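Data first, discussion second: the structure below is written as structure tokens.
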Amino acid sequence: MSSSRELYLLYRDLLCPKETHSARSLEFSQAFNFKDDDVIAVTYPKSGTIWMQEILPLLLNGGDLTPIQTIPNWDRVPWLEEKRLEVVVDQLTSPRAFVTHFPYNLMPPSFHTSKAKAIYVMRDPRDVLVSSYYFHQMAQFLEEPGTIDEFLGKFLEGKVLFGKWTDHVKSWMHTELGDRVMHITYEEMVQDLPAALRRMSDFLGCNLDDETIQKIADYCSFRTMKENKMSNFSLVPKVFMDNDKSPFLRKGQSGDWKNHFSSEQLARFTSVIHKELEAESCSLPWSLDTMEGTDIEHEDPESP
Ligand code: A3P
């Protein structure tokens, strides 16, 4: 079993996996030149990043399926901070799309001086934790997560990839980006994907008709993405990502935390998150206090 020191590098106090990040790639991200028509989807890990890697090329290309059917997601909409960006950047055609797990303070200078737009996707942190727990089982380049209780402790302390969830969310709640940033939740996307796509399309000025929005929603559905080998990580050798242990596209639901949290864990989780967000003027779109919450139940795509 590899240690955290062997698997991760620390960049400005944030843990990043060495498999996908290097000192050079992080330096490259800071020197990166954003163009005015670039778009970047920003997520805390496990909040819907690869979903946005499917959505953005479709929105930006009027529903053309070629990018999502011919280019693996990590090259089609590269991570700003990862090694692949330097390899593929010259092949990207404008308008370009990127993803990042960076908190706002790590966005490079050219992002601020350009007119590039950002879409921040936030997900109920309880579901983020559960999704991340399973991801740590399948991604062989990450530390073993231990028990869910142990992992919950690490998550609350921020000893996980890209630090504390609350720090990430707070950093993107208060930016000086004005109408260059749009906020959306994973739950909103699960509940009504065509409406979420309409909001994104309008924000990006894509000018898409309802038929195209519906077509994009169909291709970005959990079921369709799970079958898309350019998006489901089945192209990655099992020694790096073992979809048999837990598929990357695992459940695609909101509220799965209820199957994993005890009431004690919920109370512990909630008290820390509330305390850390106490001073914030923005409230969260979910009630974190009860086992019922405001989550939306969905049919389990895995069940017969
Ligand atoms: P689950 O593990 O809860 O299923 P990220 O891409 O940021 O790592 O996030 C991964 C999470 O997003 C996983 O959550 C994955 O199933 C979910 N996801 C990806 N595409 C989705 C889609 N089309 N619909 C719903 N959820 C999706």
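In the structure tokens, the first chain shown is A, the next is B, and so on; residue numbers restart at 1 for each chain, and ligands run from 1 in the order shown.
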*Could you pull the residues within 8 Å of range 235-250 of chain A, counting only C-alpha atoms, minus those fewer than 3 positions along the same chain, as a PyMOL selection string?*
chain A and resi 131+134-135+137-141+222+225-226+229-230+232
Those residues you just picked out, can you put them in a file as an mmCIF file, in the first residue's frame with N, CA and C atoms?
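Dumped everything to result33.cif:
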```
data_model
loop_
_atom_site.group_PDB
_atom_site.id
_atom_site.type_symbol
_atom_site.label_atom_id
_atom_site.label_comp_id
_atom_site.auth_asym_id
_atom_site.auth_seq_id
_atom_site.Cartn_x
_atom_site.Cartn_y
_atom_site.Cartn_z
ATOM 1 N N SER A 131 -19.334 9.766 -3.015
ATOM 2 C CA SER A 131 -18.793 9.539 -4.357
ATOM 3 C C SER A 131 -17.267 9.418 -4.294
ATOM 4 N N TYR A 134 -15.963 6.025 -2.876
ATOM 5 C CA TYR A 134 -15.920 4.930 -3.872
ATOM 6 C C TYR A 134 -14.837 5.184 -4.916
ATOM 7 N N PHE A 135 -14.651 6.451 -5.270
ATOM 8 C CA PHE A 135 -13.610 6.783 -6.252
ATOM 9 C C PHE A 135 -12.227 6.369 -5.730
ATOM 10 N N GLN A 137 -11.614 3.908 -3.971
ATOM 11 C CA GLN A 137 -11.466 2.449 -4.072
ATOM 12 C C GLN A 137 -11.090 2.037 -5.487
ATOM 13 N N MET A 138 -11.615 2.747 -6.472
ATOM 14 C CA MET A 138 -11.348 2.346 -7.862
ATOM 15 C C MET A 138 -10.084 2.987 -8.438
ATOM 16 N N ALA A 139 -9.746 4.194 -8.018
ATOM 17 C CA ALA A 139 -8.563 4.879 -8.560
ATOM 18 C C ALA A 139 -7.328 4.385 -7.813
ATOM 19 N N GLN A 140 -6.527 3.617 -8.504
ATOM 20 C CA GLN A 140 -5.395 2.962 -7.854
ATOM 21 C C GLN A 140 -4.258 3.937 -7.542
ATOM 22 N N PHE A 141 -4.372 5.156 -8.044
ATOM 23 C CA PHE A 141 -3.330 6.153 -7.776
ATOM 24 C C PHE A 141 -3.714 7.056 -6.604
ATOM 25 N N PHE A 222 -27.016 10.058 -17.667
ATOM 26 C CA PHE A 222 -26.143 9.112 -16.961
ATOM 27 C C PHE A 222 -26.006 7.817 -17.760
ATOM 28 N N MET A 225 -23.913 8.318 -20.982
ATOM 29 C CA MET A 225 -22.494 8.542 -20.672
ATOM 30 C C MET A 225 -21.819 7.275 -20.158
ATOM 31 N N LYS A 226 -22.567 6.484 -19.436
ATOM 32 C CA LYS A 226 -22.007 5.230 -18.901
ATOM 33 C C LYS A 226 -21.615 4.273 -20.031
ATOM 34 N N LYS A 229 -17.542 5.049 -24.302
ATOM 35 C CA LYS A 229 -16.185 4.665 -23.881
ATOM 36 C C LYS A 229 -15.221 5.855 -23.868
ATOM 37 N N MET A 230 -15.599 6.936 -24.529
ATOM 38 C CA MET A 230 -14.776 8.149 -24.494
ATOM 39 C C MET A 230 -14.997 8.930 -23.183
ATOM 40 N N ASN A 232 -16.369 7.048 -20.038
ATOM 41 C CA ASN A 232 -16.583 6.221 -18.841
ATOM 42 C C ASN A 232 -15.282 5.647 -18.261
#
```
*asked:* as a list in words, please: every residue in range 56-257 of chain A that a backbone DSSP assignment puts in strand (DSSP E or B).
replied: Trp79, Ala97, Phe98, Val99, Thr100, Lys117, Ala118, Ile119, Tyr120, Val121, Met122, Ala139, Leu161, Val181, Met182, His183, Ile184, Thr185 and Met241 of chain A
Suppose we keep all heavy atoms; can you now write the selection as a short mmCIF file (atom, residue, chain, number, x, y, z; two decimals), in the first residue's frame?
```cif
data_model
loop_
_atom_site.label_atom_id
_atom_site.label_comp_id
_atom_site.auth_asym_id
_atom_site.auth_seq_id
_atom_site.Cartn_x
_atom_site.Cartn_y
_atom_site.Cartn_z
N TRP A 79 -8.16 19.23 -17.92
CA TRP A 79 -8.02 19.92 -16.63
C TRP A 79 -6.92 20.96 -16.75
O TRP A 79 -5.83 20.64 -17.25
CB TRP A 79 -7.62 18.93 -15.55
CG TRP A 79 -8.73 18.26 -14.82
CD1 TRP A 79 -9.29 18.68 -13.65
CD2 TRP A 79 -9.42 17.05 -15.18
NE1 TRP A 79 -10.28 17.80 -13.27
CE2 TRP A 79 -10.38 16.79 -14.18
CE3 TRP A 79 -9.32 16.16 -16.26
CZ2 TRP A 79 -11.23 15.69 -14.22
CZ3 TRP A 79 -10.17 15.06 -16.30
CH2 TRP A 79 -11.11 14.83 -15.27
N ALA A 97 -12.90 24.57 -24.15
CA ALA A 97 -13.50 24.31 -22.83
C ALA A 97 -12.49 23.59 -21.95
O ALA A 97 -11.73 22.74 -22.44
CB ALA A 97 -14.76 23.48 -22.98
N PHE A 98 -12.48 23.94 -20.68
CA PHE A 98 -11.58 23.34 -19.70
C PHE A 98 -12.37 23.01 -18.43
O PHE A 98 -13.48 23.48 -18.25
CB PHE A 98 -10.45 24.33 -19.31
CG PHE A 98 -9.68 24.83 -20.49
CD1 PHE A 98 -10.05 26.02 -21.13
CD2 PHE A 98 -8.59 24.13 -20.98
CE1 PHE A 98 -9.35 26.48 -22.23
CE2 PHE A 98 -7.88 24.59 -22.08
CZ PHE A 98 -8.27 25.77 -22.71
N VAL A 99 -11.73 22.20 -17.60
CA VAL A 99 -12.26 22.00 -16.25
C VAL A 99 -11.12 22.27 -15.27
O VAL A 99 -9.94 22.22 -15.65
CB VAL A 99 -12.81 20.57 -16.03
CG1 VAL A 99 -14.13 20.36 -16.73
CG2 VAL A 99 -11.80 19.51 -16.45
N THR A 100 -11.49 22.56 -14.04
CA THR A 100 -10.47 22.73 -13.01
C THR A 100 -11.06 22.42 -11.64
O THR A 100 -12.27 22.58 -11.43
CB THR A 100 -9.88 24.16 -12.99
OG1 THR A 100 -8.80 24.19 -12.05
CG2 THR A 100 -10.90 25.22 -12.58
N LYS A 117 -15.27 32.70 -19.41
CA LYS A 117 -16.38 32.49 -18.46
C LYS A 117 -16.16 31.23 -17.63
O LYS A 117 -15.52 30.27 -18.08
CB LYS A 117 -17.69 32.37 -19.22
CG LYS A 117 -18.12 33.70 -19.84
CD LYS A 117 -19.48 33.58 -20.50
CE LYS A 117 -19.95 34.94 -20.97
NZ LYS A 117 -21.21 34.87 -21.70
N ALA A 118 -16.76 31.23 -16.45
CA ALA A 118 -16.64 30.06 -15.56
C ALA A 118 -18.03 29.61 -15.12
O ALA A 118 -18.91 30.43 -14.85
CB ALA A 118 -15.82 30.43 -14.33
N ILE A 119 -18.20 28.28 -15.09
CA ILE A 119 -19.43 27.70 -14.53
C ILE A 119 -19.03 26.90 -13.30
O ILE A 119 -18.25 25.94 -13.41
CB ILE A 119 -20.15 26.79 -15.56
CG1 ILE A 119 -20.54 27.61 -16.79
CG2 ILE A 119 -21.40 26.15 -14.92
CD1 ILE A 119 -21.28 26.81 -17.88
N TYR A 120 -19.50 27.34 -12.15
CA TYR A 120 -19.16 26.64 -10.91
C TYR A 120 -20.27 25.65 -10.57
O TYR A 120 -21.43 26.04 -10.39
CB TYR A 120 -18.97 27.63 -9.75
CG TYR A 120 -18.44 26.93 -8.52
CD1 TYR A 120 -17.08 26.67 -8.40
CD2 TYR A 120 -19.29 26.51 -7.50
CE1 TYR A 120 -16.58 25.98 -7.28
CE2 TYR A 120 -18.79 25.83 -6.38
CZ TYR A 120 -17.44 25.58 -6.28
OH TYR A 120 -16.94 24.89 -5.19
N VAL A 121 -19.91 24.37 -10.49
CA VAL A 121 -20.89 23.33 -10.16
C VAL A 121 -20.67 22.90 -8.71
O VAL A 121 -19.59 22.44 -8.35
CB VAL A 121 -20.77 22.10 -11.09
CG1 VAL A 121 -21.88 21.10 -10.78
CG2 VAL A 121 -20.79 22.51 -12.55
N MET A 122 -21.71 23.06 -7.91
CA MET A 122 -21.62 22.67 -6.50
C MET A 122 -22.53 21.46 -6.27
O MET A 122 -23.60 21.36 -6.86
CB MET A 122 -22.08 23.85 -5.64
CG MET A 122 -22.08 23.57 -4.17
SD MET A 122 -22.15 25.09 -3.18
CE MET A 122 -23.78 25.66 -3.49
N ALA A 139 -9.75 4.19 -8.02
CA ALA A 139 -8.56 4.88 -8.56
C ALA A 139 -7.33 4.39 -7.81
O ALA A 139 -7.14 4.68 -6.64
CB ALA A 139 -8.73 6.39 -8.42
N LEU A 161 -8.10 15.30 -1.50
CA LEU A 161 -7.74 16.01 -2.73
C LEU A 161 -8.38 17.40 -2.78
O LEU A 161 -9.57 17.55 -2.55
CB LEU A 161 -8.23 15.22 -3.96
CG LEU A 161 -7.73 13.79 -4.10
CD1 LEU A 161 -8.32 13.15 -5.35
CD2 LEU A 161 -6.21 13.78 -4.15
N VAL A 181 -19.31 34.62 -14.26
CA VAL A 181 -19.42 33.34 -13.55
C VAL A 181 -20.89 32.99 -13.34
O VAL A 181 -21.72 33.84 -13.10
CB VAL A 181 -18.66 33.36 -12.19
CG1 VAL A 181 -19.22 34.37 -11.22
CG2 VAL A 181 -18.64 31.97 -11.55
N MET A 182 -21.17 31.71 -13.51
CA MET A 182 -22.51 31.20 -13.27
C MET A 182 -22.41 30.07 -12.25
O MET A 182 -21.49 29.25 -12.31
CB MET A 182 -23.06 30.65 -14.60
CG MET A 182 -24.33 29.89 -14.44
SD MET A 182 -24.83 29.15 -16.03
CE MET A 182 -25.81 27.81 -15.35
N HIS A 183 -23.36 30.03 -11.33
CA HIS A 183 -23.38 28.95 -10.34
C HIS A 183 -24.55 28.02 -10.62
O HIS A 183 -25.65 28.48 -10.92
CB HIS A 183 -23.51 29.52 -8.92
CG HIS A 183 -22.26 30.19 -8.44
ND1 HIS A 183 -21.94 31.48 -8.76
CD2 HIS A 183 -21.24 29.72 -7.70
CE1 HIS A 183 -20.76 31.78 -8.22
NE2 HIS A 183 -20.32 30.73 -7.57
N ILE A 184 -24.28 26.75 -10.51
CA ILE A 184 -25.34 25.75 -10.70
C ILE A 184 -25.05 24.58 -9.76
O ILE A 184 -23.90 24.41 -9.33
CB ILE A 184 -25.40 25.30 -12.19
CG1 ILE A 184 -26.71 24.58 -12.49
CG2 ILE A 184 -24.19 24.47 -12.59
CD1 ILE A 184 -27.06 24.51 -13.97
N THR A 185 -26.08 23.83 -9.42
CA THR A 185 -25.83 22.67 -8.56
C THR A 185 -26.01 21.38 -9.36
O THR A 185 -26.79 21.31 -10.32
CB THR A 185 -26.77 22.62 -7.33
OG1 THR A 185 -28.12 22.52 -7.80
CG2 THR A 185 -26.60 23.83 -6.45
N MET A 241 -7.30 2.70 -13.03
CA MET A 241 -8.70 2.87 -12.63
C MET A 241 -9.41 1.56 -12.84
O MET A 241 -9.51 1.08 -13.97
CB MET A 241 -9.36 3.95 -13.50
CG MET A 241 -9.05 5.35 -13.07
SD MET A 241 -9.95 6.46 -14.16
CE MET A 241 -9.95 7.93 -13.21
#
```
*Residue contacts of Leu59 in chain A (9 Å, only C-alpha atoms) excluding same-chain residues fewer than 6 positions away, as a PyMOL selection string*: chain A and resi 197+200-201+204+206+208+212-213+216
*Within 10 Å of ligand 1, which residues show up when you count only C-alpha atoms and all ligand atoms? List them as JSON, numbers by chain, please.*
{"A": [42, 43, 44, 45, 46, 47, 48, 49, 50, 51, 52, 53, 54, 55, 99, 100, 101, 121, 122, 123, 126, 127, 128, 129, 130, 131, 132, 133, 134, 135, 186, 187, 189, 190, 191, 193, 217, 218, 219, 220, 221, 222, 223, 224, 225, 226, 231, 232, 246, 247, 248, 249, 250, 251, 252, 253, 254, 255, 256, 257]}
*Could you please determine the separation between CA of Gly163 in chain A and CA of Pro145 in chain A in Å, to one decimal place?*
15.1 Å
*asked:* Based on the backbone DSSP call, show me all residues of range 25-261 of chain A assigned alpha helix (DSSP H), as a PyMOL selection string.
replied: chain A and resi 25-31+49-60+66-70+73-76+84-88+109-113+125-138+148-157+165-173+186-191+193-204+210-219+222-227
*Could you name the residues that touch Asn105 in chain A at 12 Å or less, counting only C-alpha atoms, but leaving out those on the same chain fewer than 2 positions away, as a VMD selection string?*
chain A and resid 12 30 101 to 103 107 to 109 111 to 112 167 to 176
Tell me, counting only C-alpha atoms, for each residue of range 47-160 of chain A within 12 Å of range 264-267 of chain A, which pair of atoms is nearest and how far apart they are in Å to one decimal, in rows ordered by chain and increasing number, as a tab-separated table.
```
residue	atom	partner	partner_atom	distance
A:Pro125	CA	A:Leu266	CA	11.2
A:Arg126	CA	A:Leu266	CA	8.5
A:Asp127	CA	A:Leu266	CA	11.8
A:Leu129	CA	A:Leu266	CA	11.8
A:Ile148	CA	A:Gln265	CA	9.7
A:Asp149	CA	A:Gln265	CA	7.6
A:Glu150	CA	A:Gln265	CA	10.8
A:Phe151	CA	A:Gln265	CA	11.3
A:Leu152	CA	A:Gln265	CA	8.1
A:Gly153	CA	A:Gln265	CA	9.6
A:Leu156	CA	A:Gln265	CA	11.2
```
*Which one is closest to Asn207 in chain A: A:Asn61, A:Ser2, A:Ser110, A:Thr20? Count only C-alpha atoms.*
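Closest candidate: A:Asn61.
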*Give me the residues within 12 Å of Leu10 in chain A as a ChimeraX atom specification, counting only C-alpha atoms and dropping any in the same chain fewer than 3 places off.*
/A:4-7,13-18,21-23,26,159-163
Take the residues that were just selected and, keeping N, CA, C and O atoms, output them as a compact mmCIF listing (two decimals), in the first residue's frame.
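Ended up saving to part28.txt:
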```
# COMPACT_ATOMS: atom_id res chain seq x y z
N SER A 4 0.63 8.38 1.47
CA SER A 4 0.15 9.65 0.95
C SER A 4 1.29 10.45 0.31
O SER A 4 1.15 11.05 -0.74
N ARG A 5 2.47 10.40 0.97
CA ARG A 5 3.64 11.13 0.46
C ARG A 5 4.05 10.64 -0.93
O ARG A 5 4.46 11.41 -1.79
N GLU A 6 3.94 9.33 -1.14
CA GLU A 6 4.32 8.77 -2.44
C GLU A 6 3.29 9.10 -3.53
O GLU A 6 3.61 9.28 -4.69
N LEU A 7 2.04 9.17 -3.13
CA LEU A 7 0.96 9.32 -4.11
C LEU A 7 0.61 10.77 -4.46
O LEU A 7 0.14 11.06 -5.56
N ASP A 13 -0.67 24.11 -0.35
CA ASP A 13 -1.44 23.44 0.72
C ASP A 13 -2.51 22.49 0.21
O ASP A 13 -3.33 22.01 1.00
N LEU A 14 -2.58 22.23 -1.07
CA LEU A 14 -3.61 21.33 -1.60
C LEU A 14 -2.97 20.02 -2.07
O LEU A 14 -1.93 20.04 -2.73
N LEU A 15 -3.61 18.91 -1.75
CA LEU A 15 -3.12 17.60 -2.20
C LEU A 15 -3.57 17.34 -3.63
O LEU A 15 -4.76 17.47 -3.95
N CYS A 16 -2.60 17.00 -4.49
CA CYS A 16 -2.93 16.66 -5.89
C CYS A 16 -2.27 15.31 -6.20
O CYS A 16 -1.12 15.08 -5.81
N PRO A 17 -2.95 14.41 -6.91
CA PRO A 17 -2.33 13.12 -7.23
C PRO A 17 -1.16 13.28 -8.20
O PRO A 17 -1.27 13.98 -9.20
N LYS A 18 -0.04 12.61 -7.88
CA LYS A 18 1.14 12.70 -8.74
C LYS A 18 0.90 12.05 -10.10
O LYS A 18 1.54 12.38 -11.08
N HIS A 21 -0.78 15.03 -11.90
CA HIS A 21 -0.26 16.39 -11.69
C HIS A 21 1.26 16.33 -11.47
O HIS A 21 1.76 15.35 -10.93
N SER A 22 1.93 17.41 -11.83
CA SER A 22 3.37 17.51 -11.53
C SER A 22 3.67 18.98 -11.25
O SER A 22 2.84 19.86 -11.56
N ALA A 23 4.85 19.22 -10.71
CA ALA A 23 5.24 20.62 -10.46
C ALA A 23 5.17 21.39 -11.77
O ALA A 23 4.71 22.53 -11.83
N LEU A 26 1.55 22.20 -12.86
CA LEU A 26 0.96 23.25 -12.02
C LEU A 26 1.55 24.61 -12.40
O LEU A 26 0.84 25.62 -12.45
N LYS A 159 -8.05 16.85 4.61
CA LYS A 159 -6.87 16.04 4.25
C LYS A 159 -7.22 15.14 3.08
O LYS A 159 -7.00 13.92 3.11
N VAL A 160 -7.82 15.71 2.09
CA VAL A 160 -8.27 14.99 0.88
C VAL A 160 -7.90 15.85 -0.33
O VAL A 160 -7.47 17.00 -0.18
N LEU A 161 -8.10 15.30 -1.50
CA LEU A 161 -7.74 16.01 -2.73
C LEU A 161 -8.38 17.40 -2.78
O LEU A 161 -9.57 17.55 -2.55
N PHE A 162 -7.56 18.39 -3.05
CA PHE A 162 -7.98 19.78 -3.20
C PHE A 162 -8.59 20.39 -1.93
O PHE A 162 -9.33 21.37 -2.00
N GLY A 163 -8.24 19.80 -0.79
CA GLY A 163 -8.53 20.46 0.49
C GLY A 163 -9.98 20.42 0.92
O GLY A 163 -10.74 19.55 0.51
```
*So which one's closest to Gly205 in chain A, A:Phe34, A:Thr147, A:Asn73, A:Arg180? Using only C-alpha atoms, please.*
A:Arg180
*Could you give me, as a list in words, the residues within 12 Å of Thr93 in chain A, counting only C-alpha atoms and dropping anything in the same chain fewer than 2 positions from it?*
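Final neighbour list, sorted by chain and number: Lys35, Asp37, Asp38, Pro57, Leu60, Asn61, Pro67, Asp75, Arg76, Val77, Val88, Val89, Asp90, Gln91, Pro95, Arg96, Ala97 and Phe98 of chain A.
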